[in-house]
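The next block is upload00.cif, given as mmCIF, C-alpha atoms.
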```
data_coords
loop_
_atom_site.group_PDB
_atom_site.id
_atom_site.type_symbol
_atom_site.label_atom_id
_atom_site.label_comp_id
_atom_site.auth_asym_id
_atom_site.auth_seq_id
_atom_site.Cartn_x
_atom_site.Cartn_y
_atom_site.Cartn_z
ATOM 1 C CA MET A 174 -37.554 108.783 273.013
ATOM 2 C CA THR A 175 -34.828 109.754 270.523
ATOM 3 C CA VAL A 176 -36.078 113.358 270.531
ATOM 4 C CA VAL A 177 -36.055 113.388 274.328
ATOM 5 C CA ILE A 178 -32.506 112.043 274.427
ATOM 6 C CA TRP A 179 -31.377 114.632 271.880
ATOM 7 C CA ILE A 180 -32.885 117.486 273.890
ATOM 8 C CA GLY A 181 -31.229 116.101 277.024
ATOM 9 C CA ALA A 182 -27.918 115.772 275.185
ATOM 10 C CA VAL A 183 -28.048 119.403 274.043
ATOM 11 C CA MET A 184 -28.754 120.549 277.598
ATOM 12 C CA LEU A 185 -25.909 118.452 278.997
ATOM 13 C CA THR A 186 -23.547 119.813 276.348
ATOM 14 C CA ALA A 187 -24.481 123.373 277.296
ATOM 15 C CA ALA A 188 -23.921 122.541 280.970
ATOM 16 C CA ALA A 189 -20.530 121.021 280.165
ATOM 17 C CA VAL A 190 -19.491 124.107 278.178
ATOM 18 C CA LEU A 191 -20.486 126.296 281.140
ATOM 19 C CA ALA A 192 -18.468 124.127 283.518
ATOM 20 C CA VAL A 193 -15.440 124.395 281.243
ATOM 21 C CA ILE A 194 -15.919 128.176 281.134
ATOM 22 C CA ARG A 195 -15.794 128.238 284.916
ATOM 23 C CA MET A 196 -12.736 126.019 284.820
ATOM 24 C CA ALA A 197 -11.048 128.493 282.488
ATOM 25 C CA ILE A 198 -12.099 131.704 284.245
ATOM 26 C CA GLY A 199 -12.292 130.684 287.880
ATOM 27 C CA PRO A 200 -9.633 132.772 289.532
ATOM 28 C CA THR A 201 -8.514 130.168 292.039
ATOM 29 C CA MET A 202 -7.864 126.446 292.031
ATOM 30 C CA LEU A 203 -10.892 125.673 294.192
ATOM 31 C CA ASN A 204 -13.206 127.149 291.564
ATOM 32 C CA ARG A 205 -11.578 124.961 288.981
ATOM 33 C CA ILE A 206 -11.882 121.822 291.056
ATOM 34 C CA ILE A 207 -15.591 122.234 291.689
ATOM 35 C CA ALA A 208 -16.062 122.868 287.977
ATOM 36 C CA PHE A 209 -14.168 119.635 287.373
ATOM 37 C CA ASP A 210 -16.501 117.782 289.736
ATOM 38 C CA VAL A 211 -19.527 119.157 287.886
ATOM 39 C CA LEU A 212 -17.983 118.118 284.573
ATOM 40 C CA ILE A 213 -17.457 114.559 285.827
ATOM 41 C CA ALA A 214 -21.070 114.388 286.993
ATOM 42 C CA ILE A 215 -22.235 115.659 283.585
ATOM 43 C CA VAL A 216 -20.205 112.925 281.870
ATOM 44 C CA VAL A 217 -21.850 110.372 284.157
ATOM 45 C CA GLY A 218 -25.254 111.777 283.205
ATOM 46 C CA ALA A 219 -24.381 111.650 279.510
ATOM 47 C CA LEU A 220 -23.369 107.990 279.782
ATOM 48 C CA GLY A 221 -26.672 107.300 281.510
ATOM 49 C CA LEU A 222 -28.509 109.102 278.731
ATOM 50 C CA GLU A 223 -26.832 106.979 276.077
ATOM 51 C CA ALA A 224 -27.609 103.800 277.995
ATOM 52 C CA ALA A 225 -31.256 104.874 278.254
ATOM 53 C CA LEU A 226 -31.422 105.400 274.495
ATOM 54 C CA ASN A 227 -29.840 102.103 273.486
ATOM 55 C CA LEU A 228 -31.365 100.045 276.302
ATOM 56 C CA HIS A 229 -28.211 98.520 277.674
ATOM 57 C CA SER A 230 -26.459 98.709 281.020
ATOM 58 C CA THR A 231 -22.959 97.687 280.031
ATOM 59 C CA THR A 232 -21.468 101.115 280.686
ATOM 60 C CA VAL A 233 -22.812 101.385 284.219
ATOM 61 C CA PRO A 234 -19.595 100.258 285.983
ATOM 62 C CA ILE A 235 -17.915 103.247 284.333
ATOM 63 C CA LEU A 236 -20.365 105.476 286.195
ATOM 64 C CA VAL A 237 -19.179 104.053 289.516
ATOM 65 C CA ALA A 238 -15.530 104.626 288.638
ATOM 66 C CA LEU A 239 -16.187 108.177 287.411
ATOM 67 C CA SER A 240 -18.081 109.143 290.563
ATOM 68 C CA LEU A 241 -15.176 107.984 292.680
ATOM 69 C CA LEU A 242 -12.727 109.792 290.406
ATOM 70 C CA GLY A 243 -14.516 113.109 290.770
ATOM 71 C CA PHE A 244 -14.745 112.769 294.502
ATOM 72 C CA VAL A 245 -11.113 111.754 295.041
ATOM 73 C CA GLY A 246 -9.926 114.547 292.774
ATOM 74 C CA SER A 247 -11.823 117.295 294.538
ATOM 75 C CA VAL A 248 -10.939 116.027 298.005
ATOM 76 C CA SER A 249 -7.240 115.745 297.104
ATOM 77 C CA VAL A 250 -7.069 119.270 295.751
ATOM 78 C CA ALA A 251 -9.030 120.670 298.695
ATOM 79 C CA ARG A 252 -6.830 118.910 301.205
ATOM 80 C CA PHE A 253 -3.384 119.440 299.741
ATOM 81 C CA ALA A 254 -3.293 122.067 297.061
ATOM 82 C CA ALA A 255 -5.793 124.709 298.137
ATOM 83 C CA HIS A 256 -3.211 127.006 299.652
ATOM 84 C CA GLU A 257 -1.568 128.544 296.630
ATOM 85 C CA GLU A 258 0.965 131.312 296.532
ATOM 86 C CA LYS A 259 -0.102 134.772 295.429
ATOM 87 C CA ASP A 260 1.754 134.633 292.128
ATOM 88 C CA GLU A 261 0.318 131.242 291.189
ATOM 89 C CA ARG A 262 -3.187 132.642 291.097
ATOM 90 C CA ALA A 263 -3.860 132.829 287.378
ATOM 91 C CA MET B 25 -51.369 102.191 277.106
ATOM 92 C CA ASN B 26 -49.571 99.386 278.863
ATOM 93 C CA TRP B 27 -46.977 99.442 281.588
ATOM 94 C CA THR B 28 -43.971 99.599 279.285
ATOM 95 C CA THR B 29 -45.234 102.726 277.534
ATOM 96 C CA LEU B 30 -46.013 104.298 280.890
ATOM 97 C CA ALA B 31 -42.532 103.479 282.151
ATOM 98 C CA ASP B 32 -41.014 104.955 278.980
ATOM 99 C CA VAL B 33 -42.949 108.190 279.414
ATOM 100 C CA ALA B 34 -41.940 108.418 283.079
ATOM 101 C CA ALA B 35 -38.334 107.732 282.076
ATOM 102 C CA ALA B 36 -38.480 110.504 279.462
ATOM 103 C CA ILE B 37 -39.811 112.987 282.023
ATOM 104 C CA CYS B 38 -37.114 111.993 284.529
ATOM 105 C CA LEU B 39 -34.357 112.304 281.926
ATOM 106 C CA LEU B 40 -35.537 115.717 280.793
ATOM 107 C CA ALA B 41 -35.818 116.976 284.370
ATOM 108 C CA GLY B 42 -32.398 115.576 285.239
ATOM 109 C CA THR B 43 -30.652 117.175 282.291
ATOM 110 C CA PHE B 44 -32.407 120.468 282.925
ATOM 111 C CA LEU B 45 -31.172 120.440 286.524
ATOM 112 C CA SER B 46 -27.633 119.767 285.296
ATOM 113 C CA LEU B 47 -27.978 122.763 283.001
ATOM 114 C CA ALA B 48 -29.175 124.835 285.960
ATOM 115 C CA ALA B 49 -26.092 123.729 287.886
ATOM 116 C CA GLY B 50 -23.870 124.808 285.009
ATOM 117 C CA ILE B 51 -25.554 128.201 284.735
ATOM 118 C CA GLY B 52 -25.241 128.697 288.492
ATOM 119 C CA LEU B 53 -21.587 127.760 288.331
ATOM 120 C CA VAL B 54 -20.895 130.584 285.883
ATOM 121 C CA ARG B 55 -23.233 133.231 287.259
ATOM 122 C CA PHE B 56 -22.787 133.064 291.021
ATOM 123 C CA PRO B 57 -20.422 135.621 292.527
ATOM 124 C CA ASP B 58 -18.598 133.656 295.184
ATOM 125 C CA LEU B 59 -16.927 130.287 295.668
ATOM 126 C CA LEU B 60 -19.367 129.178 298.358
ATOM 127 C CA SER B 61 -22.384 130.080 296.178
ATOM 128 C CA ARG B 62 -20.867 128.132 293.312
ATOM 129 C CA MET B 63 -20.476 125.222 295.716
ATOM 130 C CA HIS B 64 -24.249 125.337 296.258
ATOM 131 C CA ALA B 65 -24.793 125.207 292.506
ATOM 132 C CA ALA B 66 -22.262 122.437 291.998
ATOM 133 C CA THR B 67 -23.746 120.102 294.579
ATOM 134 C CA LYS B 68 -27.482 120.522 294.986
ATOM 135 C CA PRO B 69 -28.993 120.649 291.506
ATOM 136 C CA GLN B 70 -26.167 118.604 290.041
ATOM 137 C CA VAL B 71 -26.642 115.642 292.360
ATOM 138 C CA LEU B 72 -30.436 115.768 292.031
ATOM 139 C CA GLY B 73 -30.099 115.910 288.246
ATOM 140 C CA LEU B 74 -27.846 112.887 288.304
ATOM 141 C CA LEU B 75 -30.272 110.993 290.520
ATOM 142 C CA LEU B 76 -33.141 111.794 288.162
ATOM 143 C CA ILE B 77 -31.108 110.653 285.158
ATOM 144 C CA LEU B 78 -30.323 107.396 286.944
ATOM 145 C CA LEU B 79 -34.004 106.975 287.813
ATOM 146 C CA GLY B 80 -34.959 107.518 284.187
ATOM 147 C CA LEU B 81 -32.327 105.025 283.126
ATOM 148 C CA ALA B 82 -33.625 102.450 285.608
ATOM 149 C CA LEU B 83 -37.153 102.956 284.303
ATOM 150 C CA ARG B 84 -35.957 102.371 280.754
ATOM 151 C CA VAL B 85 -33.714 99.385 281.419
ATOM 152 C CA ARG B 86 -36.199 97.422 283.439
ATOM 153 C CA ASP B 87 -33.693 94.988 284.858
ATOM 154 C CA ALA B 88 -33.258 94.079 288.495
ATOM 155 C CA GLY B 89 -29.545 93.290 288.311
ATOM 156 C CA SER B 90 -28.474 96.619 286.884
ATOM 157 C CA ALA B 91 -30.845 98.408 289.276
ATOM 158 C CA GLY B 92 -28.419 97.425 292.036
ATOM 159 C CA THR B 93 -25.585 99.113 290.152
ATOM 160 C CA PHE B 94 -27.682 102.249 289.635
ATOM 161 C CA ILE B 95 -28.404 102.351 293.353
ATOM 162 C CA THR B 96 -24.661 101.993 293.987
ATOM 163 C CA VAL B 97 -23.839 104.954 291.737
ATOM 164 C CA ALA B 98 -26.568 107.034 293.378
ATOM 165 C CA ALA B 99 -25.338 106.091 296.838
ATOM 166 C CA PHE B 100 -21.757 107.064 295.898
ATOM 167 C CA GLN B 101 -22.912 110.443 294.667
ATOM 168 C CA LEU B 102 -25.030 111.054 297.773
ATOM 169 C CA LEU B 103 -22.200 110.049 300.087
ATOM 170 C CA THR B 104 -19.356 111.849 298.356
ATOM 171 C CA ALA B 105 -20.946 115.133 297.307
ATOM 172 C CA PRO B 106 -21.452 116.498 300.849
ATOM 173 C CA VAL B 107 -17.994 115.382 301.952
ATOM 174 C CA GLY B 108 -16.356 116.994 298.924
ATOM 175 C CA ALA B 109 -18.352 120.190 299.357
ATOM 176 C CA HIS B 110 -17.471 120.366 303.038
ATOM 177 C CA MET B 111 -13.768 119.931 302.360
ATOM 178 C CA VAL B 112 -13.715 122.533 299.604
ATOM 179 C CA GLY B 113 -15.662 124.975 301.783
ATOM 180 C CA ARG B 114 -13.249 124.384 304.640
ATOM 181 C CA ALA B 115 -10.254 124.935 302.365
ATOM 182 C CA ALA B 116 -11.906 128.064 300.996
ATOM 183 C CA TYR B 117 -12.402 129.491 304.457
ATOM 184 C CA ARG B 118 -8.888 128.671 305.574
ATOM 185 C CA THR B 119 -7.255 130.229 302.526
ATOM 186 C CA GLY B 120 -9.368 133.352 302.657
ATOM 187 C CA HIS B 121 -11.544 132.843 299.589
ATOM 188 C CA VAL B 122 -14.793 133.752 301.341
ATOM 189 C CA ARG B 123 -16.184 137.158 300.420
ATOM 190 C CA GLN B 124 -17.323 138.619 303.696
ATOM 191 C CA ASP B 125 -19.513 141.252 302.068
ATOM 192 C CA LEU B 126 -21.809 138.572 300.636
ATOM 193 C CA LEU B 127 -22.415 136.836 303.946
ATOM 194 C CA LEU B 128 -25.425 137.528 306.137
ATOM 195 C CA THR B 129 -23.970 136.060 309.302
ATOM 196 C CA ASP B 130 -20.581 134.559 309.984
ATOM 197 C CA ASP B 131 -20.536 132.319 313.023
ATOM 198 C CA LEU B 132 -17.222 130.642 312.328
ATOM 199 C CA THR B 133 -14.842 133.591 312.585
ATOM 200 C CA PRO B 134 -15.898 134.673 316.102
ATOM 201 C CA ALA B 135 -16.071 131.066 317.236
ATOM 202 C CA LEU B 136 -12.547 130.364 316.049
ATOM 203 C CA ALA B 137 -11.305 133.595 317.576
ATOM 204 C CA ALA B 138 -12.926 132.759 320.891
ATOM 205 C CA GLU B 139 -11.405 129.303 320.782
ATOM 206 C CA GLN B 140 -7.949 130.715 320.174
ATOM 207 C CA ASP B 141 -8.294 133.118 323.049
ATOM 208 C CA ASP B 142 -8.841 130.280 325.495
#
```
Kindly return the structure encoded in the file as structure tokens.
Amino acid sequence: MTVVIWIGAVMLTAAAVLAVIRMAIGPTMLNRIIAFDVLIAIVVGALGLEAALNLHSTTVPILVALSLLGFVGSVSVARFAAHEEKDERA
Amino acid sequence: MNWTTLADVAAAICLLAGTFLSLAAGIGLVRFPDLLSRMHAATKPQVLGLLLILLGLALRVRDAGSAGTFITVAAFQLLTAPVGAHMVGRAAYRTGHVRQDLLLTDDLTPALAAEQDD
């Protein structure tokens, strides 16, 4: 089980690095916000992986809070901040 | 081979599949050419990967009380991912981030134009 968790952790780390790459490159804010949502979901998965290794469920309420955080963040940016000026596009 | 070992093996398979799907979502996020395609990658394999990880976790921690919390997290993800994707797609269309050359059909532009003509 430890080997399985380590392989899963390496894959999640690679996925997180790719999401951060998209957050750095992504020419507009909407690209960055969906990368942020993916990163939050990867963190939730990583917490689940750690809880599966150590056989506890004490960190599970954090998963609920993080899911809501990712959702509220992406909806807020999509609703209010999606229309950016031409010179803000970095 | 008793039930606990079987549940551990099933949990290991679920965890590996879930993390692999998250990796696929990350790769799709970097490689896809357009915002809407990246939205596909950010929602579909990502949410399924998270559900599989939660299933593996529930199979490892064989506890009925925390299973309710896992179901809550899964339900939040399933409810919020489509809403978030819809809002980002809508914002993308309205701010002109959709690459028209990558689309096969576009039903929204003529429909909106016809609605404005009325």
Could you please tell me, as number ranges by chain, which residues of chain B have an atom within 6 Å of chain A when using all atoms listed in the file? B: 40, 43, 47, 50, 54, 66, 74, 81, 84-85, 97, 108, 112, 115, 119
Emit the selected residues as a PDB file, in the frame of the given file, including C-alpha atoms.
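Below is the file selection_11.pdb, written as the result:
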```pdb
ATOM      1  CA  LEU B  40     -35.537 115.717 280.793  1.00  0.00           C
ATOM      2  CA  THR B  43     -30.652 117.175 282.291  1.00  0.00           C
ATOM      3  CA  LEU B  47     -27.978 122.763 283.001  1.00  0.00           C
ATOM      4  CA  GLY B  50     -23.870 124.808 285.009  1.00  0.00           C
ATOM      5  CA  VAL B  54     -20.895 130.584 285.883  1.00  0.00           C
ATOM      6  CA  ALA B  66     -22.262 122.437 291.998  1.00  0.00           C
ATOM      7  CA  LEU B  74     -27.846 112.887 288.304  1.00  0.00           C
ATOM      8  CA  LEU B  81     -32.327 105.025 283.126  1.00  0.00           C
ATOM      9  CA  ARG B  84     -35.957 102.371 280.754  1.00  0.00           C
ATOM     10  CA  VAL B  85     -33.714  99.385 281.419  1.00  0.00           C
ATOM     11  CA  VAL B  97     -23.839 104.954 291.737  1.00  0.00           C
ATOM     12  CA  GLY B 108     -16.356 116.994 298.924  1.00  0.00           C
ATOM     13  CA  VAL B 112     -13.715 122.533 299.604  1.00  0.00           C
ATOM     14  CA  ALA B 115     -10.254 124.935 302.365  1.00  0.00           C
ATOM     15  CA  THR B 119      -7.255 130.229 302.526  1.00  0.00           C
TER      16      THR B 119
END
```
Smallest atom-to-atom distance to B:Ala41: which of B:Leu72, B:Met25, B:Leu126, B:Ala135, using only C-alpha atoms? B:Leu72
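The coordinates place atom CA of A:Ala197 at 16.6 Å from atom CA of B:Met63.
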Any idea what the distance is between atom CA of B:Asp130 and atom CA of B:Gly113?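 Distance reported for this atom pair: 13.5 Å.
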Spell out the residues picked by the PyMOL selection byres ((chain B and resi 32-36) around 6) here, as JSON, numbers by chain. {"B": [29, 30, 31, 37, 38, 39, 80, 83, 84]}
Give me, please, the distance in Å between atom CA of B:Gln70 and atom CA of B:Leu45, quoted to one decimal.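 Pair atom CA of B:Gln70 / atom CA of B:Leu45 returns 6.4 Å.
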List as a ChimeraX atom specification the protein and nucleic acid residues near B:Thr67, meaning an atom at most 8 Å away when all atoms listed in the file are counted, but skip any in the same chain fewer than 6 places from it. /A:211 /B:49,105-106,109
Show me, as lines of an AutoDock Vina configuration file, the centre and edge lengths in Å to one decimal of the axis-aligned box that covers every listed atom of stretch 232-250 of chain A with 4 Å on each side.
```
center_x = -14.9
center_y = 109.8
center_z = 289.3
size_x = 23.7
size_y = 27.0
size_z = 25.3
```
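When all atoms listed in the file are used to compute distances to B:Gly92, the closest of the residues B:Phe56, B:Leu79, B:Asn26, B:Asp141 turns out to be B:Leu79.
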